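These notes concern the structure reproduced below.
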Amino acid sequence: MPDTKKFIENLSGAGKCIGVLTSGGDAQGMNAAVRAVVRMGIYVGAKVYFIHEGYQGMVDGGDNIKEASWESVSSMLQVGGTVIGSARCKDFRTHEGRLHAALNLVQRGITNLCVIGGDGSLTGANLFREEWSGLLDELVQSGEISEEASQIHSALHIVGMVGSIDNDFCGTDMTIGTDSALHRIIEVVDAIMTTAQSHQRTFVLEVMGRHCGYLALVSALACGADWVLIPEMPPKDGWEEQMCYKLSENRADKKRLNIIIVAEGAIDQSNKPITTELIKDLVVRCLGFDTRVTILGHVQRGGTPSAFDRILASRMGVEAVLALLEASPGTPACVVSLCGNQAVRVPLMECVQMTQEVQKAMDEKRFEEAVRLRGRSFENNLNTYKLLSHRKIDSELPHSSFNVAVLNVGAPAAGMNAAVRSAVRVGITEGHTMFAVSDGFEGFYKGQIKEIKWGDVGGWTGQGGSLLGTKRTLPAKHIDKIAEQMRIHNINALLVIGGFETCDRIKQSASGTKRRVFIIETMGGYCGYLATVGGLAAGADAAYIYEEPFDIRELQSNVEHLTEKMKTSIQRGLVLRNENCSENYTTDFIYQLYNEEGKGVFDCRKNVLGHMQQGGAPSPFDRNFGTKIAAKAMQWISKKLKEFYREDEGRVFANTEDSACLLGMRRRALVFQPVVQLKDETDFVHRIPKEQWWLRLRPLMKILAKYKTSYDVSDSGQLEHIVRLRAKDISAI
């Protein structure tokens with residue numbers, strides 16, 4: 001069978017010129033995308049040009065179009081906004097403006113464009129591509145370019161990346177900037193909650209989203225808001241009374257605050273705007289609650305991009321360059337999208353048309369269709385919020401005689417409490433009696449088990465650590481006592497949440513000095529995920545992990561590489577080391593080696609991050625992911641309980657492989673995998689999987705740090721259609 005693998009070293013960008021621009025509204029992470037395009041382009045031998053001020057710079061030409069160097073994108077990974085500027089350009093909307101833009105590109109030999117922006121910017125790029133040959137003909141006729149130049153530059157290739165905090169573009173799970181905007185929103189909500197509790201206030205928060213309610217919906221999920229209003233799903237008639245009843249009910253349950261989140265484009269069933277002031281007046285008039293309005297505005301666009309956005313943008317930037325290298329004259333313009341944990345290419349105009357269909361459905365009051373068109377992820381977010389936010393009265397609950405226990409095991413992790421809250425509330429909605437087990441399996445065998453109610457988990461979503469308590473105790477030694485406790489409490493099912501039983505600020509600190517290298521030790525046991533992905537997000541020069549053995553020759557090579565980089569320009573260095581990557585090459589050893597070999601060129605500092613990595617409030621992603629994955633797990637448990645229940649014996653009888661499963665993401669979907677099947681896939685000694693998907697990101701990190709390396713790009717290159725993506729998206733989160 002022939003080897004079908006494809007490697008980056010077999011692709012050449014020699015003779016190609018790539019232009020990169022950011023257009024429309026800015027979004028955190030755009031700079032990471034620009035950096036990735038520049039460095040990957042240079043890596044493969046292409047020339048890369050900055051096009052400053054978006055399409056306006058392309059039309060105006062001159063100094064707005066400058067060749068980029070490797071060093072010109074240093075220290076921009078952690079910067080918000082877009083350092084090459086963005087502008088809304090009326091000139092580019094005219095034929096004359098696009099003619100000027102074409103001339104400016106041809107004069108510099110640019111026939112490949114990476115456009116980072118929203119649907120308007122990408123639509124403009126596609127129109128430009130379609131007109132390209134006609135524009136060149138006009139330039140030949142006017143004598144501004146030669147016939148030969150027209151033939152050499154006969155095809156314009158376009159690849160788009162969506163930079164939009166609203167996540168309003170169909171065809172991708174997440175757009176660049178969305179996660180960072182969610183961070184800003186949650187930071188504000190968490191801060192507001194303390195003052196709201198102190199004074200028993202109701203807060204009405206307006207977040208961005210004129211046409212898309214993603215930010216409002218996910219932030220409501222992530223903070224456990226009492227009510228959310230989004231344009232895709234206007235509230236039914238009579239919503240005012242229902243909302244006020246919900247708020248008063250929560251106060252009766254001794255909840256000292258209420259949070260209402262409103263997308264700026266929120267509407268009612270008649271397409272009339274629902275404003276924050278309207279809601280405030282309603283609450284004050286009907287309930288008399290002390291109510292305040294907070295409009296977040298452009299703070300959602302600002303600040304440092306999150307680790308997620310940096311990694312997403314870096315992966316998309318690299319994939320965009322690969323797409324341009326492989327493009328032929330007949331290749332349609334595409335968008336690099338995220339599907340699950342994979343970067344994929346989707347036809348640009350399919351995405352634009354689908355996005356426009358959403359707005360059309362909303363204008364025509366086909367709101368359920370609008371939600372469906374947004375994609376399965378959006379739809380699941382909405383359904384999960386409905387499940388968790390509205391408590392059914394007892395008469396509405398399905399009858400069930402099942403008892404379900406939930407416990408945390410292993411080390412505490414941010415997002416555990418969100419998962420427990422979700423599991424408890426979904427379980428109650430399914431009609432089960434829910435039990436909480438304190439202190440993991442140790443608490444289980446000691447009988448630290450009690451029933452947990454809907455209201456008991458209120459406010460848990462934003463809490464760090466594990467409120468149930470967790471221990472590393474394994475169940476094997478106490479299996480008989482655990483079985484006895486299960487019998488005493490008649491527990492029919494278990495939901496176990498746990499493990500296998502911050503580099504950015506340091507990099508910014510280094511940016512304040514010249515030629516300094518930080519050696520950082522991360523946690524992770526024998527798993528190098530944190531060191532690798534943290535390195536990619538922070539722009540590290542090296543990351544040492546257990547999964548990729550290294551020796552003194554590699555360490556010496558890394559030091560020499562870093563020394564050469566710092567001699568040519570003012571640089572900052574960052575080296576990460578997984579805590580168990582090597583028994584002999586310790587953090588102290590690596591620090592001393594770099595410090596000694598770098599004398600006269602750079603100095604070193606070291607930092608062991610330790611348990612601070614487990615502390616603090618969970619991120620929006622962890623809150624949202626924990627919430628949705630636990631809801632899905634409880635629905636699976638409910639299905640299995642009904643499937644395994646024997647009416648003649650009055651008990652649950654489960655002895656099949658799929659009665660004990662691990663729920664997790666594989667490539668593009670959440671998958672329930674029988675635990676017994678994990679035996680052959682797991683390195684139990686080191687507590688890690690034998691195959692790890694993220695190892696494919698390591699060459700990317702090395703390339704962006706200017707190392708020559710082999711990079712398998714076999715998964716790249718396939719253009720997928722939205723319809724096909726949706727068919728694969730049946731288990732999307």
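FYI, nothing fancy with the structure tokens labels: chains A, B, ... in order, residues from 1 per chain, ligands from 1 as they appear.
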
Can you list, as a ChimeraX atom specification, all residues belonging to region 419-462 of chain A that DSSP tags as helix (DSSP H, G or I)? /A:419-429,440-446,454-457

Shell of 12 Å around Gln342 (chain A), only C-alpha atoms, local chain residues under 6 positions omitted, as a PyMOL selection string: chain A and resi 172-174+311-312+315-316+319+336+665-669+693-694+696-697+715-716+725

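For the set A:Val559, A:Ile192, A:Glu368, A:Gln673, the residue with the smallest atom-to-atom gap to Lys599 (chain A) is A:Val559, counting only C-alpha atoms.
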
Between CA of Val37 (chain A) and CA of Tyr49 (chain A), what distance in Å does the model show, to one decimal?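 So the two atoms, CA of Val37 (chain A) and CA of Tyr49 (chain A), lie 9.9 Å apart.
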
What lies within 10 Å of Gly534 (chain A) using only C-alpha atoms, ignoring chain neighbours under 4 positions off, as a ChimeraX atom specification? /A:307-308,310-311,502-504,522,528-530,538-540,543,576,701

Distance criterion (only C-alpha atoms): nearest to Leu215 (chain A) out of A:Gln151, A:Gln359, A:Asn167, A:Thr656: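 Smallest distance to Leu215 (chain A) is found for A:Asn167.
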
Quick one: which region 130-191 of chain A residues come within 12 Å of region 279-303 of chain A, and what is the nearest atom pair for each with the distance in Å to one decimal, counting only C-alpha atoms, rows ordered by chain and ascending number, as a Markdown table?
| residue | atom | partner | partner_atom | distance |
| --- | --- | --- | --- | --- |
| A:Gly163 | CA | A:Arg301 | CA | 11.1 |
| A:Ser164 | CA | A:Arg301 | CA | 9.3 |
| A:Ile165 | CA | A:Arg301 | CA | 7.1 |
| A:Asp166 | CA | A:Gln300 | CA | 10.0 |
| A:Ile176 | CA | A:Arg301 | CA | 11.2 |
| A:Gly177 | CA | A:Arg301 | CA | 7.7 |
| A:Thr178 | CA | A:Arg301 | CA | 9.1 |
| A:Asp179 | CA | A:Gln300 | CA | 10.2 |
| A:Ser180 | CA | A:Gln300 | CA | 7.8 |
| A:Ala181 | CA | A:Gln300 | CA | 4.8 |
| A:Leu182 | CA | A:Gln300 | CA | 7.5 |
| A:His183 | CA | A:Gln300 | CA | 8.2 |
| A:Arg184 | CA | A:Gln300 | CA | 5.5 |
| A:Ile185 | CA | A:Gln300 | CA | 6.5 |
| A:Ile186 | CA | A:Gln300 | CA | 10.0 |
| A:Glu187 | CA | A:Gln300 | CA | 10.2 |
| A:Val188 | CA | A:Leu296 | CA | 8.2 |
| A:Val189 | CA | A:Thr294 | CA | 9.8 |
| A:Ala191 | CA | A:Thr294 | CA | 11.9 |

Could you check which of A:Gly610, A:Gly117, A:Gly664, A:Gly29 is closest to Gly81 (chain A), using only C-alpha atoms?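 Checking each candidate against Gly81 (chain A), we get A:Gly29 as the closest.
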